[in-house]
Amino acid sequence: MSLSSRLGHHGSVRVLVVEDQKVLADRIAEGLRDQAMAVDVAYDGAAALEILAFTRYDVIVLDRDLPRVHGDAVCAHLVASPAGARILMLTAAASVEDRVDGLDLGADDYLGKPFAFAELVARVRSLARRSPSTPPVLQRGDLTVDRVRRRASRAGRPVALTRKEFGVLEALLTADGGVVSAEELLERVWDVNADPFSNTVSVTVSRLRRKLGSPPLIETVIGSGYRLCGLWRGRAS
């Protein structure tokens, strides 16, 4: 995957889970994917830094006590970087002093273990809304997308979309008429485990185009990708 597409910042909420307890990390990732987020996982601090060198995220769920490179050092790296990802720090140490230490390092939020998964999701969504990407409600012409409630409508008519279809629409809409490659859609809407040689993107785009109705809104740019057409390029609301 190209560096330029990895650095793209369109589409659904993208999260990196950094947690050395593999079972917990995988459960968090799967749960967030069920909430229509694109999630990658790193099991130690060094692996996280390698991923962060090439991929931009909206939110980092960061365990503090990590092997190889401590979570505090990862947090410091993130705070110093220009990417602007929001940091939710996790730790088994839940004293007031620990929370203060984590926030002093530059974390945006702090959650002690054990935690209720619903609270984790709520905090990640809250942080994602604060990330410097796009506003929660996007509107172009007669198309409206509510990123928080995961709803879309055209000319006031609700459009029922799957998680992936919604993510693709979000990516195309935030590109504001620009072309988004199939590779970038795969990276933003799916995750690093997606098969780059499958036709999953083209199939999802075809279904989305059909659901959005006439006149058609999605144009295929041969050899480049897809873009939204036929919409006013007004400001997002």
# chains A, B, ... in the order shown; residues from 1 in each chain; ligands from 1
$ closest_atom_pairs --of "segment 20-97 of chain A" --to "segment 12-15 of chain A" --cutoff "7 Å" --atoms "only C-alpha atoms" --output "CSV"
residue,atom,partner,partner_atom,distance
A:Met37,CA,A:Val13,CA,5.2
A:Ala38,CA,A:Arg14,CA,4.8
A:Val39,CA,A:Val15,CA,4.8
A:Asp40,CA,A:Val15,CA,6.4
A:Tyr57,CA,A:Arg14,CA,5.2
A:Asp58,CA,A:Arg14,CA,5.4
A:Val59,CA,A:Val15,CA,5.0
A:Ile60,CA,A:Val15,CA,5.7
$ write_last_selection --atoms "C-alpha atoms" --output "tab-separated table (two decimals), in the first residue's frame"
chain	number	residue	atom	x	y	z
A	37	MET	CA	-15.05	1.69	13.03
A	38	ALA	CA	-11.92	0.67	11.10
A	39	VAL	CA	-9.52	-0.79	13.67
A	40	ASP	CA	-5.90	-1.92	13.64
A	57	TYR	CA	-5.68	7.53	13.06
A	58	ASP	CA	-8.50	9.49	14.63
A	59	VAL	CA	-8.19	7.81	18.05
A	60	ILE	CA	-5.48	5.74	19.76
$ select_by_dssp --residues "segment 2-189 of chain A" --states "strand (DSSP E or B)" --output "ChimeraX atom specification"
/A:14-18,38-42,59-63,86-91,109-112,137-140,143-146,151-154,157-158,180
$ residues_around --residues "Val121 of chain A" --least-positions-apart "3" --cutoff "12 Å" --atoms "only C-alpha atoms" --output "NGL selection string"
:A and (13 or 15 or 28-37 or 59 or 61 or 88 or 111 or 115-118 or 124-128)
$ write_last_selection --atoms "C-alpha atoms" --output "tab-separated table (two decimals), in the first residue's frame"
chain	number	residue	atom	x	y	z
A	13	VAL	CA	-13.46	6.61	12.35
A	15	VAL	CA	-8.72	3.52	15.59
A	28	ILE	CA	-11.65	-4.37	21.92
A	29	ALA	CA	-10.87	-4.30	18.19
A	30	GLU	CA	-13.71	-6.61	17.27
A	31	GLY	CA	-16.16	-4.67	19.42
A	32	LEU	CA	-15.18	-1.36	17.84
A	33	ARG	CA	-15.46	-2.89	14.37
A	34	ASP	CA	-19.00	-3.89	15.30
A	35	GLN	CA	-19.57	-0.17	15.89
A	36	ALA	CA	-18.59	0.53	12.25
A	37	MET	CA	-15.05	1.69	13.03
A	59	VAL	CA	-8.19	7.81	18.05
A	61	VAL	CA	-6.61	3.39	22.53
A	88	LEU	CA	-7.52	7.28	25.25
A	111	LEU	CA	-9.99	4.75	31.48
A	115	PHE	CA	-13.96	-1.12	32.24
A	116	ALA	CA	-17.42	-1.43	30.75
A	117	PHE	CA	-17.15	-1.82	26.99
A	118	ALA	CA	-20.09	0.54	26.40
A	124	VAL	CA	-13.81	6.66	21.64
A	125	ARG	CA	-16.75	8.22	19.79
A	126	SER	CA	-16.46	11.39	21.86
A	127	LEU	CA	-12.75	11.67	21.09
A	128	ALA	CA	-13.33	10.96	17.39
$ residues_around --residues "Thr204 of chain A" --least-positions-apart "2" --cutoff "12 Å" --atoms "only C-alpha atoms" --output "MDAnalysis selection string"
chainID A and resid 161:169 182 185:186 189:190 198:202 206:211 218 226
$ write_last_selection --atoms "C-alpha atoms" --output "mmCIF file, in the first residue's frame"
data_model
loop_
_atom_site.group_PDB
_atom_site.id
_atom_site.type_symbol
_atom_site.label_atom_id
_atom_site.label_comp_id
_atom_site.auth_asym_id
_atom_site.auth_seq_id
_atom_site.Cartn_x
_atom_site.Cartn_y
_atom_site.Cartn_z
ATOM 1 C CA LEU A 161 -26.868 1.247 4.469
ATOM 2 C CA THR A 162 -24.603 -1.471 5.796
ATOM 3 C CA ARG A 163 -21.573 -0.454 7.880
ATOM 4 C CA LYS A 164 -19.225 -0.746 4.912
ATOM 5 C CA GLU A 165 -21.551 1.100 2.536
ATOM 6 C CA PHE A 166 -21.844 3.910 5.059
ATOM 7 C CA GLY A 167 -18.074 4.069 5.439
ATOM 8 C CA VAL A 168 -17.581 4.278 1.667
ATOM 9 C CA LEU A 169 -20.181 7.041 1.372
ATOM 10 C CA ALA A 182 -10.119 1.742 -4.195
ATOM 11 C CA LEU A 185 -11.301 3.024 0.546
ATOM 12 C CA LEU A 186 -9.971 -0.392 1.526
ATOM 13 C CA VAL A 189 -13.301 1.530 5.659
ATOM 14 C CA TRP A 190 -11.904 -1.940 6.192
ATOM 15 C CA SER A 198 -10.557 -8.873 -3.792
ATOM 16 C CA ASN A 199 -13.434 -7.071 -5.500
ATOM 17 C CA THR A 200 -15.020 -6.126 -2.182
ATOM 18 C CA VAL A 201 -14.681 -2.371 -2.820
ATOM 19 C CA SER A 202 -16.258 -2.445 -6.282
ATOM 20 C CA SER A 206 -22.123 -0.829 -6.772
ATOM 21 C CA ARG A 207 -24.594 -1.597 -3.978
ATOM 22 C CA LEU A 208 -24.218 1.898 -2.558
ATOM 23 C CA ARG A 209 -24.730 3.515 -5.977
ATOM 24 C CA ARG A 210 -27.941 1.533 -6.438
ATOM 25 C CA LYS A 211 -29.291 2.415 -2.969
ATOM 26 C CA ILE A 218 -21.095 7.924 -7.696
ATOM 27 C CA TYR A 226 -14.467 6.851 -7.404
#
$ atom_distance --atom1 "atom CA of Glu19 of chain A" --atom2 "atom CA of Asp109 of chain A"
16.0 Å
$ closest_residue --among "A:Ala80, A:Val159, A:Val221, A:Met89" --to "Ser181 of chain A" --atoms "only C-alpha atoms"
A:Val221
$ closest_residue --among "A:Leu217, A:Val17, A:Leu66, A:Ala53" --to "Leu120 of chain A" --atoms "only C-alpha atoms"
A:Val17
$ residues_around --residues "Gly177 of chain A" --least-positions-apart "5" --cutoff "8 Å" --atoms "only C-alpha atoms" --output "list in words"
Leu172, Arg227, Leu228, Cys229 and Arg233 of chain A
$ residues_around --residues "Glu50 of chain A" --least-positions-apart "4" --cutoff "12 Å" --atoms "only C-alpha atoms" --output "ChimeraX atom specification"
/A:16,18,41-46,54-56,69,74,77
$ select_by_dssp --residues "segment 18-51 of chain A" --states "alpha helix (DSSP H)" --output "ChimeraX atom specification"
/A:22-34,45-51
$ write_last_selection --atoms "N, CA and C atoms" --output "PDB file, in the first residue's frame"
ATOM      1  N   LYS A  22      -3.210  -9.849  24.413  1.00  0.00           N
ATOM      2  CA  LYS A  22      -3.702 -10.101  23.061  1.00  0.00           C
ATOM      3  C   LYS A  22      -5.211 -10.353  23.026  1.00  0.00           C
ATOM      4  N   VAL A  23      -5.697 -11.156  23.963  1.00  0.00           N
ATOM      5  CA  VAL A  23      -7.134 -11.469  23.971  1.00  0.00           C
ATOM      6  C   VAL A  23      -7.953 -10.203  24.170  1.00  0.00           C
ATOM      7  N   LEU A  24      -7.530  -9.371  25.123  1.00  0.00           N
ATOM      8  CA  LEU A  24      -8.244  -8.121  25.380  1.00  0.00           C
ATOM      9  C   LEU A  24      -8.162  -7.199  24.172  1.00  0.00           C
ATOM     10  N   ALA A  25      -6.973  -7.085  23.589  1.00  0.00           N
ATOM     11  CA  ALA A  25      -6.794  -6.219  22.427  1.00  0.00           C
ATOM     12  C   ALA A  25      -7.712  -6.639  21.283  1.00  0.00           C
ATOM     13  N   ASP A  26      -7.764  -7.934  21.023  1.00  0.00           N
ATOM     14  CA  ASP A  26      -8.590  -8.438  19.929  1.00  0.00           C
ATOM     15  C   ASP A  26     -10.078  -8.237  20.212  1.00  0.00           C
ATOM     16  N   ARG A  27     -10.469  -8.377  21.475  1.00  0.00           N
ATOM     17  CA  ARG A  27     -11.872  -8.163  21.828  1.00  0.00           C
ATOM     18  C   ARG A  27     -12.267  -6.699  21.663  1.00  0.00           C
ATOM     19  N   ILE A  28     -11.381  -5.799  22.091  1.00  0.00           N
ATOM     20  CA  ILE A  28     -11.654  -4.373  21.915  1.00  0.00           C
ATOM     21  C   ILE A  28     -11.788  -4.056  20.430  1.00  0.00           C
ATOM     22  N   ALA A  29     -10.847  -4.569  19.630  1.00  0.00           N
ATOM     23  CA  ALA A  29     -10.870  -4.298  18.194  1.00  0.00           C
ATOM     24  C   ALA A  29     -12.146  -4.813  17.546  1.00  0.00           C
ATOM     25  N   GLU A  30     -12.509  -6.028  17.871  1.00  0.00           N
ATOM     26  CA  GLU A  30     -13.714  -6.613  17.271  1.00  0.00           C
ATOM     27  C   GLU A  30     -14.960  -5.836  17.682  1.00  0.00           C
ATOM     28  N   GLY A  31     -15.014  -5.435  18.946  1.00  0.00           N
ATOM     29  CA  GLY A  31     -16.164  -4.667  19.415  1.00  0.00           C
ATOM     30  C   GLY A  31     -16.282  -3.318  18.738  1.00  0.00           C
ATOM     31  N   LEU A  32     -15.152  -2.651  18.527  1.00  0.00           N
ATOM     32  CA  LEU A  32     -15.176  -1.356  17.844  1.00  0.00           C
ATOM     33  C   LEU A  32     -15.529  -1.526  16.371  1.00  0.00           C
ATOM     34  N   ARG A  33     -15.064  -2.622  15.765  1.00  0.00           N
ATOM     35  CA  ARG A  33     -15.463  -2.889  14.367  1.00  0.00           C
ATOM     36  C   ARG A  33     -16.963  -3.094  14.270  1.00  0.00           C
ATOM     37  N   ASP A  34     -17.551  -3.712  15.283  1.00  0.00           N
ATOM     38  CA  ASP A  34     -18.999  -3.887  15.302  1.00  0.00           C
ATOM     39  C   ASP A  34     -19.727  -2.546  15.381  1.00  0.00           C
ATOM     40  N   GLY A  45       4.586  -1.433  22.295  1.00  0.00           N
ATOM     41  CA  GLY A  45       4.845  -0.049  21.933  1.00  0.00           C
ATOM     42  C   GLY A  45       5.659   0.125  20.670  1.00  0.00           C
ATOM     43  N   ALA A  46       6.635  -0.749  20.460  1.00  0.00           N
ATOM     44  CA  ALA A  46       7.467  -0.641  19.264  1.00  0.00           C
ATOM     45  C   ALA A  46       6.645  -0.870  18.003  1.00  0.00           C
ATOM     46  N   ALA A  47       5.772  -1.871  18.038  1.00  0.00           N
ATOM     47  CA  ALA A  47       4.913  -2.137  16.879  1.00  0.00           C
ATOM     48  C   ALA A  47       3.986  -0.950  16.613  1.00  0.00           C
ATOM     49  N   ALA A  48       3.512  -0.324  17.693  1.00  0.00           N
ATOM     50  CA  ALA A  48       2.639   0.842  17.528  1.00  0.00           C
ATOM     51  C   ALA A  48       3.368   1.972  16.818  1.00  0.00           C
ATOM     52  N   LEU A  49       4.604   2.234  17.214  1.00  0.00           N
ATOM     53  CA  LEU A  49       5.370   3.313  16.589  1.00  0.00           C
ATOM     54  C   LEU A  49       5.635   3.023  15.114  1.00  0.00           C
ATOM     55  N   GLU A  50       5.851   1.758  14.777  1.00  0.00           N
ATOM     56  CA  GLU A  50       6.064   1.390  13.377  1.00  0.00           C
ATOM     57  C   GLU A  50       4.805   1.679  12.550  1.00  0.00           C
ATOM     58  N   ILE A  51       3.655   1.308  13.083  1.00  0.00           N
ATOM     59  CA  ILE A  51       2.394   1.541  12.371  1.00  0.00           C
ATOM     60  C   ILE A  51       2.113   3.040  12.246  1.00  0.00           C
TER      61      ILE A  51
END
